[in-house]
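Trainee: Take a look at the following structure, please.
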Amino acid sequence: MLSDYSAPEIEARWQRIWEEKAVFQPEPDSRQKFFLTIPYPYLNGNLHAGHTRTFTIGDAVARFRRMCGDNVLFPMAFHATGTPIVGLSELIANRDPLIWDVYTKLHGIPEDELSALTTPEKIVAYFRREAKRAMQSIGYSIDWRREFTTTDPAYNKFIEWQYGILRGLDYVVKGSHPVRWCPHDKNPVEDHDILKGEDTTIMDFSLIKFRMGDDVLPCATLRPETVFGVTNLWLNPDVNYVIARVNDETWVVSKEAYEKLTFTDRKVAWGSEISGKELIGKRVKNPLTGAEVIILPAGFVDPDSGSGIVMSVPAHAPYDYLALKDLYDADLSEYGISEDLRKIGFISLIESPGYGEFPAVEAVNELKVKDQNDPKAEEATRLVYRREFHNGVLKANTGRYAGVAVSKIKDVLLRDLIEKGMAEIFYEFSETPVICRCGTRCVIMMVRDQWFLEYSNLAWKARVLDCLAGMQIIPEEFRVEFQNKIDWLKDKACARRKGLGTHLPWDKEWLIESLGDSTIYMSYYILAKYVNSGMKIDSLPPEFFDYIFMDKGTAEDVARVTGIAQETVQQIHNDFFYWYPVDLRTSGKDLVANHLLFFLYHHVAIFPQELWPRALAVNGFVSLEGQKMSKSKGPLLTLRQAVAENGADVTRLYILGNAEYTQDVDWRNDGVGAARAQLERFYNLAREILADKSIDESAEPTLIDRWMLSRLQKRIAEATVAMEGIQTRRALQSAFYLLYNDLRWYQRRGGKNQLRRVLSVWVRLMAPFTPHVCEELWAEMGKGYVSLAEWPVADAALVDEQAEQAEKLLEDTLKDVEEIVKVTKTTPSKITLYTTPAWKQEMLGLAAKAAAGGKLDMGALMKEAMASPAIAAHKKDAPKYAGKLAKAAHSLSAEVLGLDEFETLSRERDYLAKALGVPVEVYSADEAGADPKGKSRQAEPGRPAIWIE
RNA sequence: GCGGGGGUUGCCAAGAGGUCAAAGGCGCAGGGCUUAGGACCCUGUCACGAAGGUGUUCGCGGGUUCGACUCCCGCCUCCCGCACCA
């Protein structure tokens, strides 16, 4: 049959109808509501396959719930705040060749259109239009009346209100924070601005302030607890140090460290230089223990790392031990050191299993490290650090910290030391150098007076965790991930100087950072509908929002203050309390540690518990032919391209059917081609069924009819459970592929009269996935929109185990015959089947009952069996069969006993003969008729004996 | 390094103590149907096979169990996130 499936035509038609007839524009009513949201896309490019995945999952869920009877709200908007769009507009205006290439080739934008996008506003307008078209072209059931962009003045007003609330809660605070900084550009450096060192992170070192008289010699360390074990300091004799004023103190640090200090929030002034040599031999005081220790020379001290001064803990740090050992026999008279360094006693302060007093010594011996220049010293350091960090506990000589795990000590101790003026925090890159795109070496800059959202606030955190505990997380494994991230989340800078966005209402020179304005915007969808139909809210006071979203005040007062009709105010308020909370937010997994967290934080801050989100779902990405997609480097597949080349339904089918949850979908052209063929097959088969005039739906159901209906119920149940858990792949396996196979078997077995009934279910099961073809087919069945049709419900009464058993017997028997034919390489002329004798059935029944506990006592079984005259008559064969049953005791099933095998096979004799191509005779082994080879003795329940002539 | 998730038969991918040589799809092979078919239908696709059987498999190495792809321990390896960036 020739395919007349025309995706573009069908899809365009239904998209038009959905829009014209406002099929997806819900209003509050008496039904249960379901509010589903997906993070809006950022408008610096076209939607791509990754968006396609997240959005399509959401759309399928929206469609599913709608069919299940929920009043579904599925809105969409666009994100434009932040810096990238501003940067993009400049690059386009300057015709940056790289950007030009990316946007014409990867994003598929015609040159003349691209060249016009020279301002942020034009970019936003352009991509907003394109994104909306793309989403419409793939058939999303979005209520577009609620569309907005985060740069809309009305939205700004909403964000201002929100930040007013947060400020009132004291969740917005002022502080400083370290950023990667380019001294040349005088700007924070983002990842894509980096030439070298992209993976570098900012680490916080403790700067322990050893004192030499009034001077401070700060030592940078990642292990502040080891201050208890310091035996000496290390300085590099060949390095020049600086004596500088730092805040109100005099510090001695390397020149490099001095430079770094100038970018921190300290007041720094250059004093004079001093060579390392001059300092060596002098004594300093450990601020915590009060111990006097000597300064010794060491070549491994890097002036560019930390302060250029290192504290020495030879008991636990292999380098320190090695360096000290190297000095034992050295002549240090040039530094005026005459004492015997062997007298310096090591101080052990960490107890860890597997190590004795001095882990550093043990590790050095274990790895046979020669000296401080041996590369293996590095390995020894890592080894000791790892073991001590994970399993170590502080010893008694650490005083009040004794017994604390090493892994838990850092923050506590550092806080205490800072409080006592004994330490400060010093930020360093994890790797150096970090080079900006302009070629300059980056530093860490302390940005002062920055506005922060205080995500570290413990009370706030506790509420978020509380919220999480009450939510459904899909997949459930991600709950731990969320918990960990909440635990880890620190204060977040929420304002910046550049870009698009909303100004902080109380400090207008700051713009609210772009992730911070996207946290409770789902509530704004309710309002957006009114704004879009002409309501002006750009100058409304907070009382308006307070009433709408927080139920504070009265509609009457708000109407008076704003001049908006009281009924309208009341209606918006009621809309909000009808639709909220968010029932499900689905998103890509990249947003877990940022947006989704902030989403929870802000909801618990602003809304009462009953309005907290109910569920979060996380999904993986899309790769292209095994390659990771990249918006800037390619490969990239845009949504529109995918739909243009394959059609909306095929794209949806492929992307929903190839992976689920956090797995990535790999977009492969041959796979997509296969999906298209499958969809065409579905469509053609459906058309055939619709055209078949010979179907008699009122006919009495035969065995195969009952089998088909039974299977259908199972597929419905499987698909429903899967969709409830947002397992689109699993749902499609049942609703599409397996059901299709069932249908093939049904037709092959001569089934026909239930086809239309099955199709009615099938089309509905497929509607969330391939809505356009399904509408097309549904229209021919003449019952409104399939998008609004009732989701099929499995009818337990139609599940027919006996029919399924009968078909299984048939299938198994055919398989067995075919295998014998294959193995013996014979060409059969006649086949005789012998169904199980009654005594074996009886015995299986006894055995199954006896084996209920998983074990089968042969003796007891035989004894019981022999009591039955029918079994006793087969004294010879009975023990053999019993032995066989005993072996399989763990998996015995009496299911086959529910079936009259002789009756079944006799009835299907013609079918068997046709399928096998030779005459088939069926006997019961109890009345075997002609059986020259004695084959009938092999007959067992569920497994007829076979004799091939 | 830290945290989360993986490694299954040519590929994608289900399975989570016995019903498993392991669903489904793709690919491949054979057959059918066809003027033709990159359409459709059937069959096969770990190896061997003597009548429906047997053997060897689920990243690697151990262990628990009558029995492990499934549970425990160790290791190797891949992917994602680690922020002020959307």
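Ligands are numbered from 1 in the order shown, residues from 1 within each chain, and chains are lettered A, B, ... in the order they appear in the structure tokens.
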Determine, counting only C-alpha atoms (C1' of nucleotides), which protein, DNA and RNA residues have an atom within 9 Å of an atom of region 65-76 of chain B; residues of the same chain fewer than 5 positions away are not included. Present the result as a ChimeraX atom specification.
Mentor: /B:8,15-18,22,58-60
Trainee: Could the residues in this selection be written to a file with N, CA, C and O atoms (P, O5', C5', C4', C3', O3' and C1' of nucleotides), as a compact mmCIF listing (two decimals), in the first residue's frame?
Mentor:
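Final output, selection03.txt:
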```
# COMPACT_ATOMS: atom_id res chain seq x y z
P U B 8 27.39 -1.76 28.07
O5' U B 8 26.65 -3.00 28.72
C5' U B 8 27.36 -4.21 28.94
C4' U B 8 26.42 -5.37 28.89
C3' U B 8 25.75 -5.59 27.53
O3' U B 8 26.57 -6.33 26.66
C1' U B 8 24.13 -5.69 29.25
P G B 15 14.35 -1.33 33.55
O5' G B 15 14.61 -2.85 33.88
C5' G B 15 13.51 -3.77 33.80
C4' G B 15 14.05 -5.18 33.74
C3' G B 15 14.75 -5.65 35.01
O3' G B 15 13.77 -6.30 35.80
C1' G B 15 16.03 -6.23 33.07
P A B 16 13.51 -5.74 37.27
O5' A B 16 14.80 -6.20 38.05
C5' A B 16 14.90 -7.47 38.68
C4' A B 16 16.04 -7.35 39.64
C3' A B 16 15.74 -6.43 40.84
O3' A B 16 16.12 -7.08 42.02
C1' A B 16 17.58 -5.59 39.52
P G B 17 15.40 -7.70 43.01
O5' G B 17 16.35 -8.99 42.93
C5' G B 17 15.73 -10.22 43.11
C4' G B 17 16.67 -11.19 42.49
C3' G B 17 15.98 -12.50 42.16
O3' G B 17 16.16 -12.72 40.76
C1' G B 17 18.02 -12.81 43.39
P G B 18 14.75 -13.33 40.18
O5' G B 18 15.42 -14.68 39.71
C5' G B 18 15.71 -15.16 38.49
C4' G B 18 15.91 -16.62 38.69
C3' G B 18 14.87 -17.49 38.01
O3' G B 18 15.52 -18.11 36.92
C1' G B 18 15.39 -18.27 40.20
P A B 22 16.38 -16.66 26.19
O5' A B 22 16.84 -15.36 26.99
C5' A B 22 16.93 -14.13 26.33
C4' A B 22 16.69 -13.01 27.31
C3' A B 22 16.97 -11.64 26.68
O3' A B 22 15.75 -11.09 26.21
C1' A B 22 18.30 -11.95 28.64
P C B 58 29.72 -12.12 32.31
O5' C B 58 28.78 -10.93 31.87
C5' C B 58 29.26 -9.92 30.97
C4' C B 58 28.18 -8.88 30.84
C3' C B 58 27.90 -8.18 32.16
O3' C B 58 28.17 -6.79 31.96
C1' C B 58 25.90 -9.04 31.18
P G B 59 28.69 -5.83 33.07
O5' G B 59 30.24 -5.61 32.72
C5' G B 59 30.65 -5.48 31.36
C4' G B 59 32.10 -5.06 31.36
C3' G B 59 32.98 -5.86 32.30
O3' G B 59 33.48 -7.01 31.67
C1' G B 59 33.31 -3.55 32.65
P C B 60 33.75 -8.32 32.55
O5' C B 60 35.04 -7.89 33.38
C5' C B 60 36.32 -7.83 32.77
C4' C B 60 37.37 -7.58 33.83
C3' C B 60 37.36 -8.58 34.98
O3' C B 60 38.08 -9.75 34.67
C1' C B 60 37.46 -6.39 35.85
```
Trainee: If you run DSSP on this backbone, which residues of region 642-790 of chain A come out as alpha helix (DSSP H), and could you give them as a VMD selection string?
Mentor: chain A and resid 642 to 646 648 to 657 669 to 691 703 to 724 728 to 732 739 to 748 755 to 766 771 to 781
Trainee: For chain A, report every residue with an atom at most 7 Å from chain B (counting only C-alpha atoms (C1' of nucleotides)), formatted as a list in words.
Mentor: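 Every residue of chain A that passes the 7 Å test is in Glu190, Glu481, Lys492, Ala493, Ala593, Gly671, Gln733, Tyr737, Asp816, Val817, Glu819, Ile820, Thr824, His890 and Ser891 of chain A.
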Trainee: May I have the residues from that selection written out with N, CA, C and O atoms, as a PDB file, in the first residue's frame?
Mentor:
```pdb
ATOM      1  N   GLU A 190      34.527  35.546  32.484  1.00  0.00           N
ATOM      2  CA  GLU A 190      33.661  34.375  32.436  1.00  0.00           C
ATOM      3  C   GLU A 190      34.357  33.249  31.693  1.00  0.00           C
ATOM      4  O   GLU A 190      35.356  33.475  31.024  1.00  0.00           O
ATOM      5  N   GLU A 481      20.923  14.157  45.258  1.00  0.00           N
ATOM      6  CA  GLU A 481      21.667  15.211  44.568  1.00  0.00           C
ATOM      7  C   GLU A 481      21.155  16.586  45.006  1.00  0.00           C
ATOM      8  O   GLU A 481      21.927  17.479  45.329  1.00  0.00           O
ATOM      9  N   LYS A 492      24.747  33.893  47.158  1.00  0.00           N
ATOM     10  CA  LYS A 492      24.928  34.130  45.732  1.00  0.00           C
ATOM     11  C   LYS A 492      24.770  35.617  45.424  1.00  0.00           C
ATOM     12  O   LYS A 492      23.769  36.231  45.797  1.00  0.00           O
ATOM     13  N   ALA A 493      25.781  36.129  44.729  1.00  0.00           N
ATOM     14  CA  ALA A 493      25.688  37.523  44.304  1.00  0.00           C
ATOM     15  C   ALA A 493      24.475  37.649  43.401  1.00  0.00           C
ATOM     16  O   ALA A 493      24.302  36.876  42.480  1.00  0.00           O
ATOM     17  N   ALA A 593      21.703  22.335  40.003  1.00  0.00           N
ATOM     18  CA  ALA A 593      22.499  23.008  41.039  1.00  0.00           C
ATOM     19  C   ALA A 593      22.338  24.517  41.011  1.00  0.00           C
ATOM     20  O   ALA A 593      22.966  25.224  41.787  1.00  0.00           O
ATOM     21  N   GLY A 671      18.277   6.426  12.779  1.00  0.00           N
ATOM     22  CA  GLY A 671      17.253   6.127  13.785  1.00  0.00           C
ATOM     23  C   GLY A 671      15.996   6.943  13.552  1.00  0.00           C
ATOM     24  O   GLY A 671      14.872   6.449  13.692  1.00  0.00           O
ATOM     25  N   GLN A 733       7.216   2.188  24.503  1.00  0.00           N
ATOM     26  CA  GLN A 733       7.458   0.771  24.277  1.00  0.00           C
ATOM     27  C   GLN A 733       6.141   0.016  24.339  1.00  0.00           C
ATOM     28  O   GLN A 733       5.841  -0.799  23.471  1.00  0.00           O
ATOM     29  N   TYR A 737       5.272   0.179  20.344  1.00  0.00           N
ATOM     30  CA  TYR A 737       5.969  -0.961  19.751  1.00  0.00           C
ATOM     31  C   TYR A 737       5.362  -2.299  20.152  1.00  0.00           C
ATOM     32  O   TYR A 737       5.086  -3.147  19.298  1.00  0.00           O
ATOM     33  N   ASP A 816       8.728 -24.940  18.959  1.00  0.00           N
ATOM     34  CA  ASP A 816       9.357 -26.234  19.189  1.00  0.00           C
ATOM     35  C   ASP A 816       9.434 -27.048  17.901  1.00  0.00           C
ATOM     36  O   ASP A 816      10.459 -27.644  17.592  1.00  0.00           O
ATOM     37  N   VAL A 817       8.336 -27.081  17.178  1.00  0.00           N
ATOM     38  CA  VAL A 817       8.325 -27.823  15.923  1.00  0.00           C
ATOM     39  C   VAL A 817       9.393 -27.270  14.993  1.00  0.00           C
ATOM     40  O   VAL A 817      10.184 -28.016  14.405  1.00  0.00           O
ATOM     41  N   GLU A 819      12.069 -25.720  15.691  1.00  0.00           N
ATOM     42  CA  GLU A 819      13.424 -26.009  16.138  1.00  0.00           C
ATOM     43  C   GLU A 819      13.813 -27.447  15.792  1.00  0.00           C
ATOM     44  O   GLU A 819      14.933 -27.712  15.347  1.00  0.00           O
ATOM     45  N   ILE A 820      12.858 -28.370  15.996  1.00  0.00           N
ATOM     46  CA  ILE A 820      13.160 -29.769  15.670  1.00  0.00           C
ATOM     47  C   ILE A 820      13.449 -29.899  14.178  1.00  0.00           C
ATOM     48  O   ILE A 820      14.411 -30.553  13.771  1.00  0.00           O
ATOM     49  N   THR A 824      17.017 -31.268  12.906  1.00  0.00           N
ATOM     50  CA  THR A 824      17.078 -32.566  12.215  1.00  0.00           C
ATOM     51  C   THR A 824      17.223 -32.411  10.703  1.00  0.00           C
ATOM     52  O   THR A 824      17.490 -33.369  10.001  1.00  0.00           O
ATOM     53  N   HIS A 890      11.745 -24.258  42.311  1.00  0.00           N
ATOM     54  CA  HIS A 890      11.727 -22.826  42.619  1.00  0.00           C
ATOM     55  C   HIS A 890      10.851 -22.033  41.672  1.00  0.00           C
ATOM     56  O   HIS A 890      10.431 -20.946  41.986  1.00  0.00           O
ATOM     57  N   SER A 891      10.624 -22.600  40.509  1.00  0.00           N
ATOM     58  CA  SER A 891       9.909 -21.789  39.523  1.00  0.00           C
ATOM     59  C   SER A 891       8.685 -22.512  38.985  1.00  0.00           C
ATOM     60  O   SER A 891       8.248 -22.242  37.883  1.00  0.00           O
TER      61      SER A 891
END
```
Trainee: Rounded to one decimal place, report the CA of Leu489 (chain A)-CA of Tyr163 (chain A) distance in Å.
Mentor: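 CA of Tyr163 (chain A) lies 19.7 Å from CA of Leu489 (chain A).
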Trainee: If we count only C-alpha atoms (C1' of nucleotides) and set the cut-off at 7 Å, which residues sit around Gln372 (chain A), ignoring sequence neighbours fewer than 2 positions away in its own chain? Please answer as a PDB file with C-alpha atoms, in the first residue's frame.
Mentor:
```
ATOM      1  CA  TYR A 319      57.508  17.598  51.734  1.00  0.00           C
ATOM      2  CA  LEU A 322      61.883  15.538  53.323  1.00  0.00           C
ATOM      3  CA  ALA A 323      63.046  19.136  53.346  1.00  0.00           C
ATOM      4  CA  ASP A 374      61.690  13.439  43.853  1.00  0.00           C
ATOM      5  CA  ALA A 377      56.993  13.317  46.962  1.00  0.00           C
TER       6      ALA A 377
END
```
Trainee: Find the spatial neighbours of Leu861 (chain A), counting only C-alpha atoms (C1' of nucleotides), within a cut-off of 9 Å - ignore same-chain residues fewer than 3 positions away - and output them as a ChimeraX atom specification.
Mentor: /A:843,846-847,850,856-858,864-866,882,886
Trainee: Please dump the current selection as a compact mmCIF listing (two decimals), in the first residue's frame; keep N, CA and C atoms.
Mentor:
```txt
# COMPACT_ATOMS: atom_id res chain seq x y z
N MET A 843 -0.17 -34.15 38.81
CA MET A 843 1.08 -34.17 39.54
C MET A 843 1.69 -32.76 39.63
N LEU A 846 -0.05 -30.93 42.31
CA LEU A 846 0.42 -31.32 43.63
C LEU A 846 1.78 -30.69 43.92
N ALA A 847 2.66 -30.76 42.93
CA ALA A 847 4.02 -30.25 43.12
C ALA A 847 4.02 -28.75 43.34
N ALA A 850 2.99 -28.08 46.79
CA ALA A 850 4.01 -28.50 47.75
C ALA A 850 5.24 -27.60 47.71
N LEU A 856 11.08 -28.59 47.39
CA LEU A 856 10.16 -29.69 47.10
C LEU A 856 10.77 -30.99 47.60
N ASP A 857 10.02 -31.64 48.48
CA ASP A 857 10.47 -32.93 49.00
C ASP A 857 9.96 -34.03 48.08
N MET A 858 10.88 -34.61 47.32
CA MET A 858 10.54 -35.63 46.34
C MET A 858 9.74 -36.77 46.97
N GLU A 864 2.34 -38.75 48.05
CA GLU A 864 1.03 -38.15 47.82
C GLU A 864 0.51 -38.52 46.43
N ALA A 865 1.42 -38.48 45.46
CA ALA A 865 1.03 -38.74 44.08
C ALA A 865 0.53 -40.17 43.91
N MET A 866 1.21 -41.10 44.55
CA MET A 866 0.85 -42.50 44.37
C MET A 866 -0.52 -42.82 44.97
N ALA A 882 8.42 -36.64 38.45
CA ALA A 882 8.53 -35.99 39.77
C ALA A 882 9.92 -35.40 39.96
N ALA A 886 10.90 -31.59 40.71
CA ALA A 886 11.66 -31.22 41.91
C ALA A 886 12.81 -30.29 41.56
```
Trainee: Rounded to one decimal place, report the CA of Arg585 (chain A)-CA of Leu36 (chain A) distance in Å.
Mentor: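 Result for CA of Arg585 (chain A) versus CA of Leu36 (chain A): 5.9 Å, one decimal.
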Trainee: Kindly give the distance, in Å, that separates CA of Lys631 (chain A) and CA of Leu106 (chain A), rounded to a single decimal.
Mentor: 7.6 Å
Trainee: Based on DSSP run over this structure's backbone, return all residues of region 275-456 of chain A in strand (DSSP E or B), as a ChimeraX atom specification.
Mentor: /A:275,283-285,292-297,309-312,350-351,393-394,405,423-429,435-436,441,443-453
Trainee: Which residues are close to Pro475 (chain A), i.e. within 7 Å by only C-alpha atoms (C1' of nucleotides), leaving aside same-chain residues fewer than 5 positions away? Reply as a list in words.
Mentor: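 Counting only C-alpha atoms (C1' of nucleotides), the residues come to Ala617, Val618 and Tyr661 of chain A.
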Trainee: Next, write the just-selected residues to a file, as an mmCIF file, in the first residue's frame, keeping C-alpha atoms as the atom set.
Mentor:
```
data_model
loop_
_atom_site.group_PDB
_atom_site.id
_atom_site.type_symbol
_atom_site.label_atom_id
_atom_site.label_comp_id
_atom_site.auth_asym_id
_atom_site.auth_seq_id
_atom_site.Cartn_x
_atom_site.Cartn_y
_atom_site.Cartn_z
ATOM 1 C CA ALA A 617 11.488 16.177 37.021
ATOM 2 C CA VAL A 618 14.939 16.169 35.528
ATOM 3 C CA TYR A 661 15.107 10.352 32.697
#
```
Trainee: For Ser6 (chain A), list every protein, DNA or RNA residue within 12 Å, evaluated using only C-alpha atoms (C1' of nucleotides), and leave out those in the same chain fewer than 2 positions away; present the list as number ranges by chain.
Mentor: A: 2-4, 8-13, 646-650, 676, 679-680, 683-684, 772-773, 776
Trainee: May I have the residues within 8 Å of Gly588 (chain A) as JSON, numbers by chain, using only C-alpha atoms (C1' of nucleotides) and disregarding those fewer than 4 positions away in the same chain?
Mentor: {"A": [54, 592, 618, 619, 620, 621]}
Trainee: For the residues selected in the previous step, produce a file with C-alpha atoms as a tab-separated table (two decimals), in the first residue's frame.
Mentor:
```tsv
chain	number	residue	atom	x	y	z
A	54	THR	CA	12.78	19.10	27.71
A	592	VAL	CA	19.74	21.18	39.20
A	618	VAL	CA	14.94	16.17	35.53
A	619	ASN	CA	15.97	14.95	32.10
A	620	GLY	CA	19.20	14.43	30.16
A	621	PHE	CA	20.52	16.05	27.03
```
Trainee: Between A:Ser893, A:Thr201, A:Ser137, A:Ser89, which is the closest to Ala848 (chain A) once you count only C-alpha atoms?
Mentor: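 The shortest atom-to-atom distance to Ala848 (chain A) comes from A:Ser893.
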